[in-house]
Structure formats: C-alpha cells, structure tokens
Amino acid sequence: MNSLQRVLTTLSHQEADRVPLCLLFSLHGAKELGLSIKDYFANPAAVVEGQLRLRAKYHHDCIYTFFYAPIEVEAWGGEVIYSDDGPPNSGEPFIRRLEDILTLEVPAVKATPCLGKVFEATALLKAQVKDEVPIIGVVMSPFSLPVMQMGFDKYIELIYEQPTLFAHLMQINEAFCAAWANAQLEAGATAICYFDPVSSSSIIPKELYLQTGFEVAKRTLAQIKGPTATHMASGLCLPIVDALAQTGTAILCTSALEDLAIMKAACRGKLTVLGNLNGIEMRRWTVAEAEAKVKEALAKAGKGGGFILADNHGEIPWQVPDEVIRAISEATSKWGTYPLTWLEEEV
C-alpha cells in the first residue's frame, strides 16, 4: 500500500498493511536545509524541499503544509515574532478594543501574500507526490483564532459578556476559515486539519463548548469542501467525543494526558483517533524509550484500524533529536505491521 491507501483504509476502521504514522513536521525542514526558521518559511520552494527530505528520511505517511499558526493573523495585518529554535508566535493583538470587531473585513485569501506561499508550496508538493501521500493543510478554527486576534483575557470576556459581538466575530472568522481551507484544497491539499484548542475540555467547560465552539465547528466544517481532522493541540477532548463526532470531522487528535485505549473505545465506529505521543517528553527520550512508547500506543489503539500514530500537539518540537524520530519510525514499522500478532504473544 502507498501512504494514501494506508490512511484511507484506516479511516474506514479496517486494518491496512500497517498502522499509519503521521510525523507532523513544520520546523524540522529548516533544520534539514540549514536555514533559519524565518528564511525557511519565506521560501515556498524550501518548504517543499524540507517536507520531501523529511519524508524520504523517516518514511511517514503524510505531507504537512502547516507553516506557523500566526500566519492567519499575519493575513489580517497582524505581527509575527520569529524564534531561532521554536515556532513563530503572534505579536500584539490587532483587535485592541471590542468595537474594532465591527470594522473587521475578511481578507481575500488568494490575494494575501503570506497565504499565497502556502498555496504555492501545496501545489508544488502535489505535483511531486500526486495521490501517493495525503497532503494535510491546516486552519485555525474560527472559535480559537480570537486568542491571537485579541488576546485570551479579552476573548473570554467577549464570550461571556458580549454575545452579539461574539456572534459577529464568529461570522467573520467562519467566512475566513472556510475560504482559507477551500483554497488549500484547491491548491492540492487532501484534507484539512482544524485546530481548535479553545474548544478543548482543558480550556472551557463542556456546557459552554456545546453552546459555542460546537456550533461554530458544525457551521464551518459544513462549508469545507474536503475531509477534516479536528486537533485540540494537546488539550483534553474525551468529555466531548460524542459532540465532536457530530461536527462532521473524520479524525480526532487525543492528548497525551488521555488514555489511548479509552479514547479508541469512545471513538470506535465514529472517529479515527490520531495521537498521542508526548512531543515535550520526546525531546528527552532515548531510542529505547521511543520504541517503548510507540509499542505502548500500538498496543492500546492499533488493533482493528481507526488509529493513526502521531504526536499529541500537531508539531514535532525543534529540539527532538533525529535519532528519536528515526526510532519512532522504525518502531512503527516493526510493531505496527498488521496483524498485530505480538499482542497475543505478550498476553
């Protein structure tokens, strides 16, 4: 099987030739090419080369066209702050007063230079991998984007105290998110990862999620013209699994703080589980520990399909050593090949 066939079989809750492995690299391509993170993302051809080199090196099952989260606020005229050894971050929020929400206009995504680099990289990658490897585009959910647009404290106040302005901001953000996602699909992305950390049970209560982020996700995902995966960026999601299954998403990423066996049981027949290797701890793993962690994840969730092995945050940290990443890849091939007969042998 090629990677796309492997993933599609898994999404149908059947066993492929082996458990798919998605190593979600954004920064490591810069390291491969010896470029600064800022220079790397400035050049779509470099991102293409980085993604292709990483896949040739680690033999994982996806191409990841995620540049950096604040590319979306950059599209609205916001500031991006670069780091030498970590992901770019958003600068000063561009919504400084609540009244500013009323003057916002949705950026024309295809005419926005920073987003255009993503479209260019996506199209170039599609030309290279064709239909052999899924290309995963990324959007920030309309419900989570305001943390970067206006700051966390003001956003929480908006949710609780200004329902009319909150609804207006969601309407604007939903239009942007759908247009941004669909333009990536048009450029060649196979599916869209819908990052929605504010909806996580780590951040807001389930009852509030059902009134807000859940309704936003249903409306937005219905407008995206391709399959989606919902990612809570390390946040807890077990308490809202049933609701997430109703949003129309196909894949759910689980936190490293959640038990994979319990999550797999909760999602069985409804959602494919993606996760949940701890990217922070991964920086300090030995090769032996990496293999043990992979084996543990496969034992808990690998049987019967419906599981894709990945990190839990959606980005392999810059500091994770190559030998650890290679050990994860090799362990997946060794222990993740179906049928998982070693599970019975170890009982």
# chains A, B, ... in the order shown; residues from 1 in each chain; ligands from 1
$ select_by_dssp --residues "region 69-103 of chain A" --states "strand (DSSP E)" --output "count of residues only"
4
$ select_by_dssp --residues "region 59-184 of chain A" --states "alpha helix (DSSP H)" --output "ChimeraX atom specification"
/A:71-75,113-129,146-150,152-161,163-184
$ closest_residue --among "A:Tyr194, A:Phe119, A:Phe214, A:Phe166" --to "Gly226 (chain A)" --atoms "only C-alpha atoms"
A:Tyr194
$ closest_residue --among "A:Ala167, A:Val273, A:Leu4, A:Ala56" --to "Thr190 (chain A)" --atoms "only C-alpha atoms"
A:Leu4
$ atom_distance --atom1 "CA of Leu309 (chain A)" --atom2 "CA of Gly336 (chain A)"
9.5 Å
$ closest_residue --among "A:Asp84, A:Asp322, A:Asp61, A:Asp311" --to "Thr254 (chain A)" --atoms "only C-alpha atoms"
A:Asp311
$ closest_residue --among "A:Gln149, A:Glu120, A:Gln162, A:Gln51" --to "Gly77 (chain A)" --atoms "only C-alpha atoms"
A:Gln149
$ residues_around --residues "region 138-143 of chain A" --least-positions-apart "5" --cutoff "9 Å" --atoms "only C-alpha atoms" --output "PyMOL selection string"
chain A and resi 64-67+69+72+169-178+180-181+184+191-199+212-213+216-217+220
$ write_last_selection --atoms "N, CA and C atoms" --output "tab-separated table (two decimals), in the first residue's frame"
chain	number	residue	atom	x	y	z
A	64	TYR	N	2.86	17.74	5.35
A	64	TYR	CA	2.21	18.70	6.25
A	64	TYR	C	2.54	20.11	5.78
A	65	THR	N	1.54	20.82	5.30
A	65	THR	CA	1.80	22.14	4.74
A	65	THR	C	1.55	23.27	5.74
A	66	PHE	N	1.51	22.93	7.01
A	66	PHE	CA	1.39	23.93	8.07
A	66	PHE	C	2.70	24.72	8.15
A	67	PHE	N	2.61	26.05	8.03
A	67	PHE	CA	3.78	26.90	8.20
A	67	PHE	C	3.90	27.29	9.68
A	69	ALA	N	1.21	29.04	13.11
A	69	ALA	CA	-0.14	29.45	13.49
A	69	ALA	C	-0.42	30.93	13.21
A	72	GLU	N	-2.15	33.23	10.12
A	72	GLU	CA	-3.53	33.68	9.94
A	72	GLU	C	-3.74	35.10	10.44
A	169	LEU	N	-18.07	38.29	15.41
A	169	LEU	CA	-16.70	37.84	15.16
A	169	LEU	C	-16.68	36.42	14.61
A	170	MET	N	-17.55	35.56	15.12
A	170	MET	CA	-17.61	34.19	14.60
A	170	MET	C	-18.04	34.20	13.13
A	171	GLN	N	-18.98	35.03	12.78
A	171	GLN	CA	-19.43	35.10	11.38
A	171	GLN	C	-18.28	35.48	10.45
A	172	ILE	N	-17.49	36.46	10.86
A	172	ILE	CA	-16.35	36.90	10.06
A	172	ILE	C	-15.29	35.80	9.99
A	173	ASN	N	-14.96	35.22	11.14
A	173	ASN	CA	-13.93	34.20	11.18
A	173	ASN	C	-14.33	32.92	10.45
A	174	GLU	N	-15.60	32.58	10.51
A	174	GLU	CA	-16.06	31.39	9.79
A	174	GLU	C	-15.90	31.58	8.28
A	175	ALA	N	-16.21	32.75	7.79
A	175	ALA	CA	-16.05	33.02	6.36
A	175	ALA	C	-14.58	32.92	5.96
A	176	PHE	N	-13.70	33.48	6.80
A	176	PHE	CA	-12.27	33.41	6.52
A	176	PHE	C	-11.78	31.97	6.55
A	177	CYS	N	-12.14	31.23	7.58
A	177	CYS	CA	-11.67	29.85	7.75
A	177	CYS	C	-12.09	28.97	6.58
A	178	ALA	N	-13.35	29.07	6.17
A	178	ALA	CA	-13.83	28.25	5.06
A	178	ALA	C	-13.12	28.60	3.76
A	180	TRP	N	-10.12	29.97	3.41
A	180	TRP	CA	-8.72	29.58	3.58
A	180	TRP	C	-8.56	28.07	3.40
A	181	ALA	N	-9.46	27.31	4.01
A	181	ALA	CA	-9.41	25.85	3.88
A	181	ALA	C	-9.67	25.42	2.44
A	184	GLN	N	-6.79	25.98	0.09
A	184	GLN	CA	-5.74	24.96	0.25
A	184	GLN	C	-6.13	23.66	-0.45
A	191	ALA	N	-6.69	16.92	2.72
A	191	ALA	CA	-7.59	17.11	3.86
A	191	ALA	C	-7.12	18.33	4.64
A	192	ILE	N	-7.98	18.77	5.56
A	192	ILE	CA	-7.70	19.95	6.37
A	192	ILE	C	-7.70	19.58	7.85
A	193	CYS	N	-6.64	19.98	8.54
A	193	CYS	CA	-6.59	19.85	9.99
A	193	CYS	C	-7.18	21.12	10.60
A	194	TYR	N	-8.21	20.95	11.40
A	194	TYR	CA	-8.96	22.05	12.01
A	194	TYR	C	-8.51	22.17	13.46
A	195	PHE	N	-7.56	23.09	13.70
A	195	PHE	CA	-7.04	23.25	15.05
A	195	PHE	C	-8.04	24.05	15.89
A	196	ASP	N	-8.42	23.48	17.03
A	196	ASP	CA	-9.46	24.11	17.84
A	196	ASP	C	-9.17	23.96	19.33
A	197	PRO	N	-8.02	24.45	19.81
A	197	PRO	CA	-7.65	24.22	21.21
A	197	PRO	C	-8.58	24.87	22.22
A	198	VAL	N	-9.22	25.99	21.87
A	198	VAL	CA	-10.10	26.63	22.84
A	198	VAL	C	-11.33	25.78	23.13
A	199	SER	N	-11.71	24.92	22.19
A	199	SER	CA	-12.84	24.02	22.43
A	199	SER	C	-12.49	22.86	23.36
A	212	THR	N	-21.05	27.08	22.01
A	212	THR	CA	-20.17	27.96	21.24
A	212	THR	C	-19.34	27.20	20.20
A	213	GLY	N	-18.21	26.66	20.61
A	213	GLY	CA	-17.29	26.02	19.68
A	213	GLY	C	-17.91	24.90	18.88
A	216	VAL	N	-20.03	26.50	16.14
A	216	VAL	CA	-19.11	27.09	15.16
A	216	VAL	C	-18.51	26.00	14.28
A	217	ALA	N	-18.07	24.90	14.89
A	217	ALA	CA	-17.47	23.81	14.12
A	217	ALA	C	-18.47	23.20	13.14
A	220	THR	N	-18.85	25.64	10.25
A	220	THR	CA	-17.63	25.84	9.45
A	220	THR	C	-17.25	24.58	8.68
$ closest_residue --among "A:Ala297, A:Met282, A:Cys267, A:Leu208" --to "Pro321 (chain A)" --atoms "only C-alpha atoms"
A:Met282
$ residues_around --residues "Leu238 (chain A)" --least-positions-apart "2" --cutoff "10 Å" --atoms "only C-alpha atoms" --output "PyMOL selection string"
chain A and resi 200-201+235-236+240-242+244+252+254-255+258-259+262-264+266-267
$ write_last_selection --atoms "C-alpha atoms" --output "PDB file, in the first residue's frame"
ATOM      1  CA  SER A 200     -10.771  21.578  24.457  1.00  0.00           C
ATOM      2  CA  SER A 201     -12.100  20.475  27.827  1.00  0.00           C
ATOM      3  CA  GLY A 235      -5.924  19.657  25.038  1.00  0.00           C
ATOM      4  CA  LEU A 236      -8.302  17.110  26.521  1.00  0.00           C
ATOM      5  CA  ILE A 240     -16.754  15.916  24.202  1.00  0.00           C
ATOM      6  CA  VAL A 241     -16.105  12.966  21.857  1.00  0.00           C
ATOM      7  CA  ASP A 242     -19.785  12.404  21.087  1.00  0.00           C
ATOM      8  CA  LEU A 244     -17.137  16.172  18.057  1.00  0.00           C
ATOM      9  CA  LEU A 252      -9.774  13.405  16.371  1.00  0.00           C
ATOM     10  CA  THR A 254      -6.173  12.990  21.593  1.00  0.00           C
ATOM     11  CA  SER A 255      -3.978  14.480  24.301  1.00  0.00           C
ATOM     12  CA  GLU A 258      -5.706  10.829  27.847  1.00  0.00           C
ATOM     13  CA  ASP A 259      -5.611   7.045  27.792  1.00  0.00           C
ATOM     14  CA  ILE A 262     -10.284   4.588  26.479  1.00  0.00           C
ATOM     15  CA  MET A 263     -10.236   7.100  23.632  1.00  0.00           C
ATOM     16  CA  LYS A 264     -10.210   4.371  20.980  1.00  0.00           C
ATOM     17  CA  ALA A 266     -15.080   6.045  22.802  1.00  0.00           C
ATOM     18  CA  CYS A 267     -14.398   6.791  19.124  1.00  0.00           C
TER      19      CYS A 267
END
$ atom_distance --atom1 "CA of Thr164 (chain A)" --atom2 "CA of Met148 (chain A)"
19.9 Å
$ atom_distance --atom1 "CA of Lys300 (chain A)" --atom2 "CA of Ala261 (chain A)"
4.7 Å
$ residues_around --residues "Ala299 (chain A)" --least-positions-apart "6" --cutoff "10 Å" --atoms "only C-alpha atoms" --output "JSON, numbers by chain"
{"A": [260, 261, 293, 335, 336, 340, 342, 343]}
$ write_last_selection --atoms "C-alpha atoms" --output "PDB file, in the first residue's frame"
ATOM      1  CA  LEU A 260      -5.466   5.797  24.206  1.00  0.00           C
ATOM      2  CA  ALA A 261      -7.419   2.622  24.939  1.00  0.00           C
ATOM      3  CA  LYS A 293       6.252   4.496  23.769  1.00  0.00           C
ATOM      4  CA  TRP A 335       5.493  -3.306  15.745  1.00  0.00           C
ATOM      5  CA  GLY A 336       2.729  -1.686  13.703  1.00  0.00           C
ATOM      6  CA  LEU A 340      -0.514  -7.315  15.465  1.00  0.00           C
ATOM      7  CA  TRP A 342       2.692  -9.845  19.115  1.00  0.00           C
ATOM      8  CA  LEU A 343      -0.183  -8.554  21.257  1.00  0.00           C
TER       9      LEU A 343
END
$ closest_residue --among "A:Leu210, A:Gly304, A:Met150, A:Glu315" --to "Gly29 (chain A)" --atoms "only C-alpha atoms"
A:Glu315
$ residues_around --residues "Gln319 (chain A)" --least-positions-apart "5" --cutoff "9 Å" --atoms "only C-alpha atoms" --output "PDB file with C-alpha atoms, in the first residue's frame"
ATOM      1  CA  ASP A  85      14.519  27.283  17.826  1.00  0.00           C
ATOM      2  CA  GLY A  86      10.742  27.257  18.080  1.00  0.00           C
ATOM      3  CA  MET A 282      10.006  13.249  23.280  1.00  0.00           C
ATOM      4  CA  ARG A 283      12.856  15.761  23.477  1.00  0.00           C
ATOM      5  CA  ARG A 284      14.396  13.696  26.274  1.00  0.00           C
TER       6      ARG A 284
END
$ residues_around --residues "Leu35 (chain A)" --least-positions-apart "3" --cutoff "12 Å" --atoms "only C-alpha atoms" --output "list in words"
Leu27, His28, Gly29, Ala30, Lys31, Glu32, Lys38, Asp39, Tyr40, Phe41, Ala42, Asn43, Ala46, Val47, Glu49, Gly50, Asp84 and Asp85 of chain A
$ write_last_selection --atoms "C-alpha atoms" --output "PDB file, in the first residue's frame"
ATOM      1  CA  LEU A  27      10.147  23.392  11.743  1.00  0.00           C
ATOM      2  CA  HIS A  28      12.408  20.406  11.046  1.00  0.00           C
ATOM      3  CA  GLY A  29      12.561  21.164   7.338  1.00  0.00           C
ATOM      4  CA  ALA A  30      14.546  24.293   8.176  1.00  0.00           C
ATOM      5  CA  LYS A  31      16.984  22.198  10.157  1.00  0.00           C
ATOM      6  CA  GLU A  32      17.369  19.765   7.233  1.00  0.00           C
ATOM      7  CA  LYS A  38      12.278  32.735   9.212  1.00  0.00           C
ATOM      8  CA  ASP A  39      14.193  32.203   5.954  1.00  0.00           C
ATOM      9  CA  TYR A  40      12.722  28.726   5.563  1.00  0.00           C
ATOM     10  CA  PHE A  41       9.105  29.885   5.697  1.00  0.00           C
ATOM     11  CA  ALA A  42       9.865  32.858   3.466  1.00  0.00           C
ATOM     12  CA  ASN A  43      10.558  30.490   0.555  1.00  0.00           C
ATOM     13  CA  ALA A  46      12.408  25.476   0.680  1.00  0.00           C
ATOM     14  CA  VAL A  47       9.320  24.214   2.490  1.00  0.00           C
ATOM     15  CA  GLU A  49      12.250  20.524  -0.266  1.00  0.00           C
ATOM     16  CA  GLY A  50      12.144  20.234   3.516  1.00  0.00           C
ATOM     17  CA  ASP A  84      15.599  30.662  16.444  1.00  0.00           C
ATOM     18  CA  ASP A  85      14.519  27.283  17.826  1.00  0.00           C
TER      19      ASP A  85
END
